[in-house]
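Peer 1: To start, I am sharing the structure in question, which I have written as C-alpha coordinates.
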Amino acid sequence: MRHPKNFLLSDLNQRTQTDMDVVLELVCRELPHGGRHEERKYIAERLIECAGSGRTTLGDLQIVARRALLDAAQEIGLISCCRKHTP
(Lines give C-alpha, C1' and ligand atoms only; values in the text may rest on other atoms or scores of the structure.)
Protein backbone atom coordinates (compact mmCIF):
# COMPACT_ATOMS: atom_id res chain seq x y z
CA MET A 1 0.00 0.00 0.00
CA ARG A 2 1.38 3.39 -0.98
CA HIS A 3 1.02 6.47 1.12
CA PRO A 4 -1.03 9.32 -0.35
CA LYS A 5 0.88 11.57 -2.73
CA ASN A 6 0.34 14.56 -0.46
CA PHE A 7 1.52 12.72 2.66
CA LEU A 8 4.53 14.27 4.37
CA LEU A 9 6.65 12.78 7.10
CA SER A 10 6.10 16.01 9.02
CA ASP A 11 2.36 15.17 9.09
CA LEU A 12 3.11 12.45 11.66
CA ASN A 13 3.21 13.26 15.34
CA GLN A 14 6.53 13.32 17.17
CA ARG A 15 5.83 10.02 18.95
CA THR A 16 5.30 8.17 15.67
CA GLN A 17 8.44 9.69 14.15
CA THR A 18 10.44 8.65 17.21
CA ASP A 19 8.99 5.13 17.10
CA MET A 20 9.91 4.86 13.42
CA ASP A 21 13.49 5.94 14.17
CA VAL A 22 13.82 3.43 17.00
CA VAL A 23 12.37 0.57 14.95
CA LEU A 24 14.65 1.37 12.02
CA GLU A 25 17.71 1.29 14.27
CA LEU A 26 16.66 -1.94 15.98
CA VAL A 27 15.97 -3.77 12.74
CA CYS A 28 19.13 -2.52 11.07
CA ARG A 29 21.17 -3.94 13.94
CA GLU A 30 20.51 -7.27 12.22
CA LEU A 31 22.57 -6.08 9.26
CA PRO A 32 26.35 -6.01 9.07
CA HIS A 33 27.58 -2.57 10.17
CA GLY A 34 24.01 -1.38 10.69
CA GLY A 35 23.10 -1.70 7.02
CA ARG A 36 24.04 0.07 3.84
CA HIS A 37 22.22 3.19 2.71
CA GLU A 38 20.11 1.25 0.18
CA GLU A 39 19.00 -1.26 2.80
CA ARG A 40 18.13 1.37 5.39
CA LYS A 41 16.30 3.44 2.76
CA TYR A 42 14.22 0.45 1.67
CA ILE A 43 13.17 -0.32 5.25
CA ALA A 44 12.53 3.36 6.01
CA GLU A 45 10.29 3.68 2.95
CA ARG A 46 8.21 0.72 4.13
CA LEU A 47 7.90 2.35 7.57
CA ILE A 48 6.75 5.61 5.99
CA GLU A 49 4.15 3.75 3.92
CA CYS A 50 2.91 1.97 7.04
CA ALA A 51 2.59 5.17 9.04
CA GLY A 52 1.05 6.99 6.09
CA SER A 53 -1.68 4.36 5.94
CA GLY A 54 -2.55 5.06 9.58
CA ARG A 55 -0.81 2.06 11.12
CA THR A 56 1.37 3.83 13.66
CA THR A 57 1.56 1.51 16.66
CA LEU A 58 4.99 0.31 17.70
CA GLY A 59 3.89 -3.25 16.98
CA ASP A 60 2.73 -2.42 13.46
CA LEU A 61 5.96 -0.58 12.72
CA GLN A 62 8.08 -3.47 14.00
CA ILE A 63 6.19 -5.99 11.89
CA VAL A 64 6.54 -3.89 8.76
CA ALA A 65 10.24 -3.23 9.34
CA ARG A 66 11.03 -6.91 9.92
CA ARG A 67 9.02 -7.88 6.84
CA ALA A 68 10.95 -5.28 4.83
CA LEU A 69 14.22 -6.74 6.11
CA LEU A 70 13.18 -10.20 4.93
CA ASP A 71 11.85 -8.88 1.62
CA ALA A 72 15.10 -7.05 0.95
CA ALA A 73 17.11 -10.17 1.73
CA GLN A 74 14.97 -12.67 -0.17
CA GLU A 75 13.25 -10.88 -3.01
CA ILE A 76 15.26 -7.79 -3.78
CA GLY A 77 18.70 -9.13 -3.02
CA LEU A 78 19.86 -5.97 -1.30
CA ILE A 79 21.15 -7.74 1.76
CA SER A 80 23.89 -10.30 1.32
CA CYS A 81 23.72 -11.67 4.87
CA CYS A 82 22.14 -10.96 8.22
CA ARG A 83 23.48 -11.71 11.66
CA LYS A 84 22.15 -14.87 13.20
CA HIS A 85 19.90 -14.54 16.23
CA THR A 86 20.96 -16.35 19.34
CA PRO A 87 18.45 -16.96 22.12
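By order in the C-alpha coordinates, chains are A, B, ...; within a chain, residues start at 1; ligands start at 1, following the order shown.
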Find the residues near region 18-35 of chain A: any atom within 7 Å, counting only C-alpha atoms, skip ones fewer than 3 places away on the same chain, and give them as a PyMOL selection string.
Peer 2: chain A and resi 14-15+39-40+44+47+58+61-62+65-66+82-83
Peer 1: Now that the selection is made, can you save its residues with N, CA and C atoms as a PDB file, in the first residue's frame?
Peer 2:
ATOM      1  N   GLN A  14       5.152  13.540  16.723  1.00  0.00           N
ATOM      2  CA  GLN A  14       6.530  13.316  17.168  1.00  0.00           C
ATOM      3  C   GLN A  14       6.720  11.900  17.698  1.00  0.00           C
ATOM      4  N   ARG A  15       5.733  11.377  18.384  1.00  0.00           N
ATOM      5  CA  ARG A  15       5.831  10.019  18.946  1.00  0.00           C
ATOM      6  C   ARG A  15       5.999   8.985  17.834  1.00  0.00           C
ATOM      7  N   GLU A  39      19.784  -0.394   1.926  1.00  0.00           N
ATOM      8  CA  GLU A  39      18.996  -1.256   2.800  1.00  0.00           C
ATOM      9  C   GLU A  39      18.176  -0.432   3.790  1.00  0.00           C
ATOM     10  N   ARG A  40      18.823   0.528   4.413  1.00  0.00           N
ATOM     11  CA  ARG A  40      18.134   1.375   5.386  1.00  0.00           C
ATOM     12  C   ARG A  40      17.023   2.185   4.703  1.00  0.00           C
ATOM     13  N   ALA A  44      13.135   2.086   5.627  1.00  0.00           N
ATOM     14  CA  ALA A  44      12.528   3.362   6.012  1.00  0.00           C
ATOM     15  C   ALA A  44      11.321   3.694   5.135  1.00  0.00           C
ATOM     16  N   LEU A  47       8.429   1.764   6.334  1.00  0.00           N
ATOM     17  CA  LEU A  47       7.902   2.349   7.571  1.00  0.00           C
ATOM     18  C   LEU A  47       7.056   3.579   7.274  1.00  0.00           C
ATOM     19  N   LEU A  58       3.637   0.855  17.677  1.00  0.00           N
ATOM     20  CA  LEU A  58       4.988   0.315  17.698  1.00  0.00           C
ATOM     21  C   LEU A  58       4.995  -1.112  17.142  1.00  0.00           C
ATOM     22  N   LEU A  61       4.706  -1.039  13.313  1.00  0.00           N
ATOM     23  CA  LEU A  61       5.965  -0.578  12.723  1.00  0.00           C
ATOM     24  C   LEU A  61       7.037  -1.662  12.779  1.00  0.00           C
ATOM     25  N   GLN A  62       7.099  -2.392  13.882  1.00  0.00           N
ATOM     26  CA  GLN A  62       8.080  -3.468  14.001  1.00  0.00           C
ATOM     27  C   GLN A  62       7.807  -4.581  13.003  1.00  0.00           C
ATOM     28  N   ALA A  65       8.791  -3.346   9.505  1.00  0.00           N
ATOM     29  CA  ALA A  65      10.241  -3.231   9.342  1.00  0.00           C
ATOM     30  C   ALA A  65      10.893  -4.609   9.212  1.00  0.00           C
ATOM     31  N   ARG A  66      10.467  -5.560  10.010  1.00  0.00           N
ATOM     32  CA  ARG A  66      11.031  -6.911   9.919  1.00  0.00           C
ATOM     33  C   ARG A  66      10.659  -7.573   8.592  1.00  0.00           C
ATOM     34  N   CYS A  82      22.585 -11.566   6.961  1.00  0.00           N
ATOM     35  CA  CYS A  82      22.137 -10.961   8.219  1.00  0.00           C
ATOM     36  C   CYS A  82      22.792 -11.713   9.352  1.00  0.00           C
ATOM     37  N   ARG A  83      22.951 -11.042  10.475  1.00  0.00           N
ATOM     38  CA  ARG A  83      23.477 -11.705  11.661  1.00  0.00           C
ATOM     39  C   ARG A  83      22.497 -12.760  12.122  1.00  0.00           C
TER      40      ARG A  83
END
Peer 1: Please report the interatomic distance between CA of Ile63 (chain A) and CA of Glu45 (chain A) in Å with one decimal.
Peer 2: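 For CA of Ile63 (chain A) relative to CA of Glu45 (chain A), the distance reads 13.8 Å.
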